[in-house]
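The file my_file.cif contains mmCIF, C-alpha atoms:
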data_start
#
loop_
_atom_site.group_PDB
_atom_site.id
_atom_site.type_symbol
_atom_site.label_atom_id
_atom_site.label_comp_id
_atom_site.auth_asym_id
_atom_site.auth_seq_id
_atom_site.Cartn_x
_atom_site.Cartn_y
_atom_site.Cartn_z
ATOM 1 C CA MET J 114 -6.105 -3.007 -19.282
ATOM 2 C CA THR J 115 -6.507 0.462 -20.758
ATOM 3 C CA THR J 116 -9.557 1.010 -22.933
ATOM 4 C CA SER J 117 -9.575 4.034 -25.211
ATOM 5 C CA ARG J 118 -11.452 5.483 -28.126
ATOM 6 C CA VAL J 119 -11.073 8.524 -30.324
ATOM 7 C CA ILE J 120 -14.050 10.858 -30.783
ATOM 8 C CA ARG J 121 -13.582 12.872 -33.962
ATOM 9 C CA ALA J 122 -14.563 16.534 -34.122
ATOM 10 C CA ASP J 123 -17.174 15.861 -36.795
ATOM 11 C CA ASP J 124 -18.809 13.177 -34.630
ATOM 12 C CA ARG J 125 -19.677 15.621 -31.858
ATOM 13 C CA TYR J 126 -23.239 16.839 -31.380
ATOM 14 C CA HIS J 127 -23.852 20.160 -33.118
ATOM 15 C CA TRP J 128 -26.344 22.870 -32.243
ATOM 16 C CA SER J 129 -26.625 26.376 -33.667
ATOM 17 C CA ASN J 130 -28.715 29.523 -33.838
ATOM 18 C CA GLU J 131 -28.175 32.935 -35.422
ATOM 19 C CA TRP J 132 -25.254 33.826 -33.114
ATOM 20 C CA LEU J 133 -23.955 30.536 -31.697
ATOM 21 C CA GLU J 134 -22.264 27.422 -33.076
ATOM 22 C CA SER J 135 -21.938 24.758 -30.373
ATOM 23 C CA TRP J 136 -20.068 21.476 -30.774
ATOM 24 C CA GLN J 137 -20.877 19.249 -27.810
ATOM 25 C CA SER J 138 -18.788 16.252 -26.778
ATOM 26 C CA PHE J 139 -21.814 15.159 -24.721
ATOM 27 C CA PRO J 140 -25.365 16.087 -25.799
ATOM 28 C CA MET J 141 -26.981 18.775 -23.659
ATOM 29 C CA ALA J 142 -29.461 20.433 -26.018
ATOM 30 C CA GLY J 143 -32.925 18.956 -25.613
ATOM 31 C CA ASN J 144 -34.094 16.351 -23.110
ATOM 32 C CA PHE J 145 -30.833 14.582 -22.251
ATOM 33 C CA ASP J 146 -29.743 13.059 -18.939
ATOM 34 C CA LEU J 147 -26.298 14.601 -18.496
ATOM 35 C CA ARG J 148 -25.128 11.871 -16.115
ATOM 36 C CA THR J 149 -26.097 9.020 -18.419
ATOM 37 C CA GLY J 150 -24.114 10.528 -21.280
ATOM 38 C CA ALA J 151 -21.091 11.483 -19.174
ATOM 39 C CA HIS J 152 -17.590 10.043 -19.299
ATOM 40 C CA GLY J 153 -16.294 9.638 -15.779
ATOM 41 C CA LEU J 154 -17.694 12.728 -14.080
ATOM 42 C CA LEU J 155 -17.443 14.993 -17.119
ATOM 43 C CA MET J 156 -21.044 15.796 -18.083
ATOM 44 C CA VAL J 157 -20.619 18.750 -20.437
ATOM 45 C CA HIS J 158 -17.762 19.697 -22.749
ATOM 46 C CA ASN J 159 -18.941 22.363 -25.186
ATOM 47 C CA ASP J 160 -16.773 24.013 -27.827
ATOM 48 C CA ASP J 161 -18.651 27.208 -28.711
ATOM 49 C CA ILE J 162 -18.246 29.995 -31.247
ATOM 50 C CA VAL J 163 -20.147 33.139 -30.203
ATOM 51 C CA GLU J 164 -20.664 36.120 -32.504
ATOM 52 C CA SER J 165 -19.530 39.566 -31.343
ATOM 53 C CA GLY J 166 -21.824 41.278 -28.844
ATOM 54 C CA GLU J 167 -23.926 38.149 -28.359
ATOM 55 C CA GLY J 168 -24.292 35.615 -25.571
ATOM 56 C CA LEU J 169 -26.521 34.199 -22.887
ATOM 57 C CA ASP J 170 -28.600 36.525 -20.749
ATOM 58 C CA ARG J 171 -28.847 35.863 -17.031
ATOM 59 C CA HIS J 172 -29.712 32.235 -16.303
ATOM 60 C CA ARG J 173 -29.497 29.949 -13.281
ATOM 61 C CA HIS J 174 -27.250 27.036 -12.326
ATOM 62 C CA GLN J 175 -27.446 24.819 -9.253
ATOM 63 C CA ASP J 176 -25.281 21.942 -7.972
ATOM 64 C CA VAL J 177 -22.755 22.032 -10.785
ATOM 65 C CA GLU J 178 -19.089 22.982 -11.118
ATOM 66 C CA VAL J 179 -18.648 25.091 -14.267
ATOM 67 C CA VAL J 180 -15.135 25.442 -15.705
ATOM 68 C CA THR J 181 -14.604 27.926 -18.539
ATOM 69 C CA TRP J 182 -11.580 28.242 -20.846
ATOM 70 C CA VAL J 183 -11.363 30.937 -23.529
ATOM 71 C CA VAL J 184 -9.473 29.978 -26.690
ATOM 72 C CA GLU J 185 -10.017 33.082 -28.825
ATOM 73 C CA GLY J 186 -11.559 36.473 -28.093
ATOM 74 C CA ALA J 187 -12.920 37.687 -24.748
ATOM 75 C CA LEU J 188 -15.824 36.548 -22.565
ATOM 76 C CA GLU J 189 -17.701 38.944 -20.282
ATOM 77 C CA HIS J 190 -19.036 37.308 -17.087
ATOM 78 C CA ARG J 191 -21.492 38.719 -14.520
ATOM 79 C CA ASP J 192 -23.169 36.808 -11.703
ATOM 80 C CA SER J 193 -25.525 37.288 -8.776
ATOM 81 C CA GLY J 194 -22.623 37.032 -6.331
ATOM 82 C CA GLY J 195 -21.224 40.310 -7.622
ATOM 83 C CA ASN J 196 -18.440 38.720 -9.648
ATOM 84 C CA THR J 197 -17.720 40.478 -12.933
ATOM 85 C CA GLY J 198 -14.859 40.306 -15.363
ATOM 86 C CA VAL J 199 -13.581 39.651 -18.842
ATOM 87 C CA LEU J 200 -11.850 36.336 -19.514
ATOM 88 C CA THR J 201 -9.198 36.110 -22.221
ATOM 89 C CA PRO J 202 -7.020 33.216 -23.434
ATOM 90 C CA GLY J 203 -4.771 31.905 -20.676
ATOM 91 C CA THR J 204 -7.208 32.534 -17.812
ATOM 92 C CA VAL J 205 -9.272 29.713 -16.317
ATOM 93 C CA GLN J 206 -12.552 30.342 -14.495
ATOM 94 C CA VAL J 207 -14.299 28.035 -12.019
ATOM 95 C CA MET J 208 -17.828 28.771 -10.820
ATOM 96 C CA SER J 209 -19.298 26.549 -8.106
ATOM 97 C CA ALA J 210 -23.058 27.004 -8.425
ATOM 98 C CA GLY J 211 -23.832 25.529 -5.010
ATOM 99 C CA SER J 212 -27.424 26.132 -3.904
ATOM 100 C CA GLY J 213 -27.941 28.445 -6.880
ATOM 101 C CA VAL J 214 -26.318 31.257 -8.847
ATOM 102 C CA ASP J 215 -27.524 33.440 -11.716
ATOM 103 C CA HIS J 216 -25.044 34.614 -14.328
ATOM 104 C CA SER J 217 -24.690 35.945 -17.849
ATOM 105 C CA GLU J 218 -21.966 35.254 -20.416
ATOM 106 C CA ARG J 219 -21.333 37.281 -23.563
ATOM 107 C CA ASN J 220 -18.762 37.912 -26.240
ATOM 108 C CA ALA J 221 -17.176 41.086 -24.873
ATOM 109 C CA ALA J 222 -16.485 42.472 -28.358
ATOM 110 C CA ALA J 223 -18.886 45.056 -29.781
ATOM 111 C CA ARG J 224 -21.138 43.807 -32.565
ATOM 112 C CA SER J 225 -19.492 46.163 -35.056
ATOM 113 C CA THR J 226 -16.084 44.495 -34.608
ATOM 114 C CA HIS J 227 -17.167 41.085 -35.908
ATOM 115 C CA GLU J 228 -14.643 39.505 -33.508
ATOM 116 C CA ARG J 229 -15.725 36.011 -32.602
ATOM 117 C CA LEU J 230 -15.358 34.281 -29.247
ATOM 118 C CA ARG J 231 -14.292 30.658 -29.013
ATOM 119 C CA VAL J 232 -14.809 29.221 -25.550
ATOM 120 C CA ILE J 233 -14.699 25.751 -24.021
ATOM 121 C CA GLN J 234 -17.161 25.214 -21.168
ATOM 122 C CA MET J 235 -17.102 22.076 -19.042
ATOM 123 C CA TRP J 236 -19.328 20.805 -16.233
ATOM 124 C CA VAL J 237 -18.704 18.259 -13.494
ATOM 125 C CA PRO J 238 -20.866 17.624 -10.413
ATOM 126 C CA PRO J 239 -19.898 18.684 -6.895
ATOM 127 C CA GLU J 240 -19.296 15.890 -4.419
ATOM 128 C CA TYR J 241 -22.271 17.071 -2.342
ATOM 129 C CA PRO J 242 -25.238 19.297 -3.273
ATOM 130 C CA GLY J 243 -25.889 22.750 -1.877
ATOM 131 C CA GLY J 244 -23.507 25.182 -0.266
ATOM 132 C CA LYS J 245 -22.721 28.814 -0.940
ATOM 133 C CA PRO J 246 -21.808 29.654 -4.550
ATOM 134 C CA ALA J 247 -18.130 30.386 -5.183
ATOM 135 C CA TYR J 248 -16.064 31.926 -7.965
ATOM 136 C CA ALA J 249 -12.374 31.815 -8.859
ATOM 137 C CA GLU J 250 -10.175 32.633 -11.816
ATOM 138 C CA ARG J 251 -6.453 32.405 -12.483
ATOM 139 C CA ASP J 252 -4.112 33.601 -15.217
ATOM 140 C CA VAL J 253 -1.921 30.633 -16.182
ATOM 141 C CA ALA J 254 -0.407 31.977 -19.417
ATOM 142 C CA SER J 255 3.116 32.083 -17.974
ATOM 143 C CA LEU J 256 2.792 28.519 -16.653
ATOM 144 C CA LEU J 257 1.616 27.255 -20.041
ATOM 145 C CA ALA J 258 4.698 28.799 -21.651
ATOM 146 C CA SER J 259 6.801 26.138 -19.893
ATOM 147 C CA GLY J 260 5.554 23.481 -22.304
ATOM 148 C CA GLU J 261 4.669 21.228 -19.370
ATOM 149 C CA LEU J 262 1.310 19.745 -18.400
ATOM 150 C CA ILE J 263 -0.100 22.104 -15.764
ATOM 151 C CA ILE J 264 -3.123 21.966 -13.452
ATOM 152 C CA LEU J 265 -5.878 24.426 -14.365
ATOM 153 C CA ALA J 266 -8.408 23.457 -11.684
ATOM 154 C CA SER J 267 -8.788 20.631 -9.204
ATOM 155 C CA GLY J 268 -10.626 19.235 -6.219
ATOM 156 C CA THR J 269 -7.941 16.649 -5.439
ATOM 157 C CA PRO J 270 -6.584 16.964 -1.879
ATOM 158 C CA GLY J 271 -3.030 18.269 -1.724
ATOM 159 C CA THR J 272 -3.297 20.423 -4.838
ATOM 160 C CA ASP J 273 -1.483 23.782 -4.732
ATOM 161 C CA PRO J 274 -3.838 26.227 -2.945
ATOM 162 C CA GLY J 275 -3.351 28.738 -5.766
ATOM 163 C CA VAL J 276 -5.199 26.435 -8.168
ATOM 164 C CA PRO J 277 -8.929 27.240 -8.583
ATOM 165 C CA HIS J 278 -10.907 24.758 -6.519
ATOM 166 C CA ILE J 279 -13.509 22.326 -7.841
ATOM 167 C CA ARG J 280 -15.831 20.947 -5.154
ATOM 168 C CA ASN J 281 -15.191 17.353 -6.126
ATOM 169 C CA PRO J 282 -12.111 15.481 -4.844
ATOM 170 C CA TYR J 283 -12.143 13.048 -7.774
ATOM 171 C CA VAL J 284 -11.356 15.450 -10.635
ATOM 172 C CA THR J 285 -8.426 17.480 -11.941
ATOM 173 C CA LEU J 286 -8.248 19.477 -15.177
ATOM 174 C CA HIS J 287 -4.834 19.799 -16.831
ATOM 175 C CA ALA J 288 -3.674 21.822 -19.842
ATOM 176 C CA ALA J 289 -0.597 22.066 -22.034
ATOM 177 C CA ARG J 290 0.668 24.211 -24.889
ATOM 178 C CA LEU J 291 3.270 22.339 -26.914
ATOM 179 C CA THR J 292 5.559 23.318 -29.750
ATOM 180 C CA GLY J 293 5.903 20.987 -32.722
ATOM 181 C CA GLY J 294 7.717 17.769 -31.836
ATOM 182 C CA ALA J 295 7.376 18.150 -28.050
ATOM 183 C CA SER J 296 5.976 15.302 -25.931
ATOM 184 C CA ILE J 297 4.253 14.945 -22.582
ATOM 185 C CA SER J 298 2.976 11.976 -20.585
ATOM 186 C CA LEU J 299 -0.597 11.982 -19.327
ATOM 187 C CA PRO J 300 -1.086 11.106 -15.647
ATOM 188 C CA GLU J 301 -2.776 7.912 -14.528
ATOM 189 C CA ALA J 302 -6.555 8.187 -14.660
ATOM 190 C CA ARG J 303 -9.384 5.783 -14.024
ATOM 191 C CA PHE J 304 -11.312 7.964 -16.479
ATOM 192 C CA GLY J 305 -9.520 10.342 -18.828
ATOM 193 C CA HIS J 306 -10.728 12.836 -21.415
ATOM 194 C CA MET J 307 -8.099 14.557 -23.583
ATOM 195 C CA PHE J 308 -9.310 17.276 -25.951
ATOM 196 C CA VAL J 309 -7.230 18.834 -28.717
ATOM 197 C CA VAL J 310 -8.040 22.544 -28.604
ATOM 198 C CA THR J 311 -5.708 23.589 -31.423
ATOM 199 C CA GLY J 312 -3.122 21.864 -33.603
ATOM 200 C CA ARG J 313 -2.443 18.158 -34.141
ATOM 201 C CA VAL J 314 -1.016 15.427 -31.913
ATOM 202 C CA ASP J 315 -0.054 11.759 -31.982
ATOM 203 C CA VAL J 316 -1.075 9.561 -29.049
ATOM 204 C CA ASP J 317 0.619 6.186 -29.240
ATOM 205 C CA GLY J 318 -0.038 5.960 -32.977
ATOM 206 C CA ASP J 319 -3.433 7.684 -33.103
ATOM 207 C CA GLN J 320 -3.370 11.094 -34.794
ATOM 208 C CA LEU J 321 -5.805 13.688 -33.454
ATOM 209 C CA SER J 322 -6.597 17.170 -34.759
ATOM 210 C CA ALA J 323 -8.340 20.213 -33.289
ATOM 211 C CA GLY J 324 -11.764 19.226 -31.957
ATOM 212 C CA ASP J 325 -10.864 15.548 -31.572
ATOM 213 C CA ALA J 326 -10.921 13.856 -28.162
ATOM 214 C CA LEU J 327 -9.423 10.717 -26.654
ATOM 215 C CA ARG J 328 -11.409 9.020 -23.879
ATOM 216 C CA THR J 329 -9.692 6.444 -21.713
ATOM 217 C CA VAL J 330 -10.615 4.044 -18.935
ATOM 218 C CA ALA J 331 -8.112 2.541 -16.483
ATOM 219 C CA ALA J 332 -5.191 4.307 -18.146
ATOM 220 C CA GLY J 333 -1.898 3.947 -16.321
ATOM 221 C CA ALA J 334 0.703 6.683 -16.273
ATOM 222 C CA GLY J 335 2.836 7.071 -19.353
ATOM 223 C CA LEU J 336 0.354 7.509 -22.211
ATOM 224 C CA THR J 337 2.488 9.698 -24.479
ATOM 225 C CA VAL J 338 1.210 12.699 -26.434
ATOM 226 C CA THR J 339 3.499 14.130 -29.132
ATOM 227 C CA SER J 340 2.664 17.383 -30.887
ATOM 228 C CA LEU J 341 2.793 17.282 -34.678
ATOM 229 C CA ASP J 342 2.684 21.094 -34.749
ATOM 230 C CA ASP J 343 2.035 23.811 -32.174
ATOM 231 C CA CYS J 344 -0.982 22.714 -30.156
ATOM 232 C CA GLU J 345 -3.065 23.193 -27.021
ATOM 233 C CA LEU J 346 -4.581 20.344 -24.995
ATOM 234 C CA LEU J 347 -7.054 19.924 -22.138
ATOM 235 C CA PHE J 348 -7.024 16.718 -20.078
ATOM 236 C CA TRP J 349 -9.551 15.683 -17.424
ATOM 237 C CA GLN J 350 -8.145 13.205 -14.903
ATOM 238 C CA MET J 351 -10.954 11.519 -12.964
ATOM 239 C CA SER J 352 -10.887 8.769 -10.350
ATOM 240 C CA ARG J 353 -14.659 8.203 -10.205
ATOM 241 C CA GLY J 354 -17.588 7.883 -12.600
ATOM 242 C CA PHE J 355 -21.362 7.863 -12.386
ATOM 243 C CA ALA J 356 -22.980 4.571 -11.390
ATOM 244 C CA GLY J 357 -24.449 2.660 -14.307
ATOM 245 C CA GLN J 358 -22.159 4.283 -16.856
ATOM 246 C CA THR J 359 -21.215 2.102 -19.822
ATOM 247 C CA TRP J 360 -17.538 2.458 -19.032
ATOM 248 C CA ALA J 361 -18.010 2.698 -15.263
ATOM 249 C CA ALA J 362 -19.283 -0.747 -14.341
ATOM 250 C CA THR J 363 -17.122 -1.686 -11.353
ATOM 251 C CA PRO J 364 -18.025 -2.760 -7.810
ATOM 252 C CA ALA J 365 -17.103 0.710 -6.530
ATOM 253 C CA ASP J 366 -19.833 2.340 -8.602
ATOM 254 C CA VAL J 367 -22.833 2.082 -6.277
ATOM 255 C CA GLU J 368 -25.509 4.641 -5.632
ATOM 256 C CA SER J 369 -25.141 6.872 -2.584
ATOM 257 C CA PRO J 370 -28.079 8.899 -1.209
ATOM 258 C CA HIS J 371 -25.794 11.827 -0.344
ATOM 259 C CA ARG J 372 -23.165 12.219 -3.030
ATOM 260 C CA VAL J 373 -24.151 13.963 -6.228
ATOM 261 C CA THR J 374 -21.605 11.785 -8.014
ATOM 262 C CA GLY J 375 -23.531 8.621 -7.155
ATOM 263 C CA VAL J 376 -20.364 6.644 -6.413
ATOM 264 C CA ALA J 377 -18.798 5.267 -3.284
ATOM 265 C CA PRO J 378 -15.579 6.790 -1.926
#
Conversion result in C-alpha cells:
Amino acid sequence: MTTSRVIRADDRYHWSNEWLESWQSFPMAGNFDLRTGAHGLLMVHNDDIVESGEGLDRHRHQDVEVVTWVVEGALEHRDSGGNTGVLTPGTVQVMSAGSGVDHSERNAAARSTHERLRVIQMWVPPEYPGGKPAYAERDVASLLASGELIILASGTPGTDPGVPHIRNPYVTLHAARLTGGASISLPEARFGHMFVVTGRVDVDGDQLSAGDALRTVAAGAGLTVTSLDDCELLFWQMSRGFAGQTWAATPADVESPHRVTGVAP
C-alpha cells in the first residue's frame, strides 16, 4: 500500500544570513545526522536564494553525490579537480566527491546587478566510499521542452550513457516542465520525493504549490501529476533507504559494513 505525505513549503527548515536564504527539506544546519533525517537515500534537498556576487568559498566534500539544479540566475563553480563553469537554468551538474574534493560556489552575477540566484542542491550517498572525484554536467533544456518526464541524473544500470552518473545504483532524478493542464505519471518507487520547483500541480486530489513536496513509500507506477499552470518538477526515484529510517523499516534494510547506504542489495 502506498504511503504518502505532503510537506508544505512553509514547513521546511529555514536558515539565513546576510546573503543567503536557505529552505531545507531535511535539516542540515547545526548538529544533524543527515542519514537519520533522510527520505530514502535523499539526505539534503536545499532550495537556496543567493545574493549577487555572494556564495560559498572553497570547502570540502567527501563520500557524497552532489546534484545541483539552477532555477534562476547563474552559478559559478570551481573545484580542485580543475572543473570550472557557470551553470544556468536547464543544465544539471553532478559532482561525485569520492575520497575528497574542494570546491566553491557563487552567484555569478556582479554585486552591482542585484540579480539573485535560486538553486536547488541535493545530496545522496555513493554506494561505496572513496574513489576518485568526478564531475559531469548536461544541458537538458531541449529535452524538458518535450513536456515529458526526463532523467536528469542516475546511477541505475541501463540508463542512457549520456545521463550524468550518480555513484549509487538505487537512485534516479527526474524532471519535467509542464504547461497548464498537462499530466504525467510518476514511475514506481520504493521511496519517492517529488518537489514543485515552480507553479502548481494536483496529485490525485492533493494540490501542491512551489516549494511543496510529496514524499511516498511503496508507490506503484501511475501516480498522476496534473499541472494547474505552467510548472517545473523534480522527482527522486529510489529503490533503497537507510537502515532504521522511520519509513524504511523492512527486512531488506540491514546494516552493511561496506556500503555507505547501509542497506542490503
Legend entry - Residues selected by the PyMOL selection byres ((chain J and resi 272-282) around 8), written as a PyMOL selection string: chain J and resi 178+206-207+209+238-240+249-251+264-271+283-284
* Asked: Taking the file as shown, what set of residues would the PyMOL selection byres ((chain J and resi 337-352) around 9) give back, as a PyMOL selection string?
  -> chain J and resi 153-155+262+282-317+320+323+334-336+353-354
So for region 292-311 of chain J, what box centre and size do we get, axis-aligned, 5 Å extra on each of the six sides, every listed atom, Å to one decimal, as JSON?
{"center_x": -1.8, "center_y": 14.7, "center_z": -23.4, "size_x": 29.0, "size_y": 27.8, "size_z": 28.7}
Which residues would end up in the selection if the PyMOL selection byres ((chain J and resi 122) around 12) were applied here, given that I need the answer as an MDAnalysis selection string?
chainID J and resid 119:121 123:127 135:139 159:160 308:311 321:327
message: Please report the interatomic distance between CA of Arg229 (chain J) and CA of Glu261 (chain J) in Å with one decimal.
response: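 Atom-to-atom, CA of Arg229 (chain J) to CA of Glu261 (chain J), that is 28.5 Å.
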CA of Asp170 (chain J) to CA of Arg148 (chain J) measures 25.3 Å
- From the set J:Ala332, J:Ala247, J:Val205, J:Ala356, which residue has the shortest atom-to-atom contact distance to Arg118 (chain J), counting all atoms listed in the file?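 Between J:Ala332, J:Ala247, J:Val205, J:Ala356, the residue approaching Arg118 (chain J) most closely is J:Ala332.
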Would you mind writing region 277-296 of chain J with N, CA and C atoms, as a PDB file, in the coordinates of the input?
ATOM      1  N   PRO J 277      -7.480  27.127  -8.809  1.00  0.00           N
ATOM      2  CA  PRO J 277      -8.929  27.240  -8.583  1.00  0.00           C
ATOM      3  C   PRO J 277      -9.538  25.909  -8.168  1.00  0.00           C
ATOM      4  N   HIS J 278     -10.397  25.974  -7.155  1.00  0.00           N
ATOM      5  CA  HIS J 278     -10.907  24.758  -6.519  1.00  0.00           C
ATOM      6  C   HIS J 278     -12.216  24.293  -7.145  1.00  0.00           C
ATOM      7  N   ILE J 279     -12.283  22.997  -7.422  1.00  0.00           N
ATOM      8  CA  ILE J 279     -13.509  22.326  -7.841  1.00  0.00           C
ATOM      9  C   ILE J 279     -14.014  21.528  -6.648  1.00  0.00           C
ATOM     10  N   ARG J 280     -15.295  21.631  -6.337  1.00  0.00           N
ATOM     11  CA  ARG J 280     -15.831  20.947  -5.154  1.00  0.00           C
ATOM     12  C   ARG J 280     -16.110  19.469  -5.433  1.00  0.00           C
ATOM     13  N   ASN J 281     -15.112  18.796  -5.895  1.00  0.00           N
ATOM     14  CA  ASN J 281     -15.191  17.353  -6.126  1.00  0.00           C
ATOM     15  C   ASN J 281     -13.775  16.803  -6.040  1.00  0.00           C
ATOM     16  N   PRO J 282     -13.484  15.947  -5.050  1.00  0.00           N
ATOM     17  CA  PRO J 282     -12.111  15.481  -4.844  1.00  0.00           C
ATOM     18  C   PRO J 282     -11.629  14.468  -5.868  1.00  0.00           C
ATOM     19  N   TYR J 283     -12.481  14.104  -6.819  1.00  0.00           N
ATOM     20  CA  TYR J 283     -12.143  13.048  -7.774  1.00  0.00           C
ATOM     21  C   TYR J 283     -11.776  13.579  -9.157  1.00  0.00           C
ATOM     22  N   VAL J 284     -11.609  14.897  -9.301  1.00  0.00           N
ATOM     23  CA  VAL J 284     -11.356  15.450 -10.635  1.00  0.00           C
ATOM     24  C   VAL J 284     -10.225  16.476 -10.615  1.00  0.00           C
ATOM     25  N   THR J 285      -9.448  16.465 -11.691  1.00  0.00           N
ATOM     26  CA  THR J 285      -8.426  17.480 -11.941  1.00  0.00           C
ATOM     27  C   THR J 285      -8.406  17.779 -13.432  1.00  0.00           C
ATOM     28  N   LEU J 286      -8.356  19.061 -13.779  1.00  0.00           N
ATOM     29  CA  LEU J 286      -8.248  19.477 -15.177  1.00  0.00           C
ATOM     30  C   LEU J 286      -6.840  19.993 -15.432  1.00  0.00           C
ATOM     31  N   HIS J 287      -6.181  19.401 -16.431  1.00  0.00           N
ATOM     32  CA  HIS J 287      -4.834  19.799 -16.831  1.00  0.00           C
ATOM     33  C   HIS J 287      -4.881  20.493 -18.188  1.00  0.00           C
ATOM     34  N   ALA J 288      -3.812  21.207 -18.520  1.00  0.00           N
ATOM     35  CA  ALA J 288      -3.674  21.822 -19.842  1.00  0.00           C
ATOM     36  C   ALA J 288      -2.208  21.859 -20.225  1.00  0.00           C
ATOM     37  N   ALA J 289      -1.965  21.919 -21.531  1.00  0.00           N
ATOM     38  CA  ALA J 289      -0.597  22.066 -22.034  1.00  0.00           C
ATOM     39  C   ALA J 289      -0.626  22.803 -23.357  1.00  0.00           C
ATOM     40  N   ARG J 290       0.404  23.614 -23.582  1.00  0.00           N
ATOM     41  CA  ARG J 290       0.668  24.211 -24.889  1.00  0.00           C
ATOM     42  C   ARG J 290       2.033  23.708 -25.340  1.00  0.00           C
ATOM     43  N   LEU J 291       2.050  22.994 -26.447  1.00  0.00           N
ATOM     44  CA  LEU J 291       3.270  22.339 -26.914  1.00  0.00           C
ATOM     45  C   LEU J 291       3.708  22.903 -28.254  1.00  0.00           C
ATOM     46  N   THR J 292       5.013  22.992 -28.439  1.00  0.00           N
ATOM     47  CA  THR J 292       5.559  23.318 -29.750  1.00  0.00           C
ATOM     48  C   THR J 292       5.707  22.031 -30.548  1.00  0.00           C
ATOM     49  N   GLY J 293       5.812  22.163 -31.868  1.00  0.00           N
ATOM     50  CA  GLY J 293       5.903  20.987 -32.722  1.00  0.00           C
ATOM     51  C   GLY J 293       7.042  20.061 -32.330  1.00  0.00           C
ATOM     52  N   GLY J 294       6.727  18.772 -32.185  1.00  0.00           N
ATOM     53  CA  GLY J 294       7.717  17.769 -31.836  1.00  0.00           C
ATOM     54  C   GLY J 294       7.869  17.507 -30.353  1.00  0.00           C
ATOM     55  N   ALA J 295       7.280  18.344 -29.498  1.00  0.00           N
ATOM     56  CA  ALA J 295       7.376  18.150 -28.050  1.00  0.00           C
ATOM     57  C   ALA J 295       6.440  17.037 -27.596  1.00  0.00           C
ATOM     58  N   SER J 296       6.782  16.406 -26.469  1.00  0.00           N
ATOM     59  CA  SER J 296       5.976  15.302 -25.931  1.00  0.00           C
ATOM     60  C   SER J 296       5.711  15.514 -24.450  1.00  0.00           C
TER      61      SER J 296
END
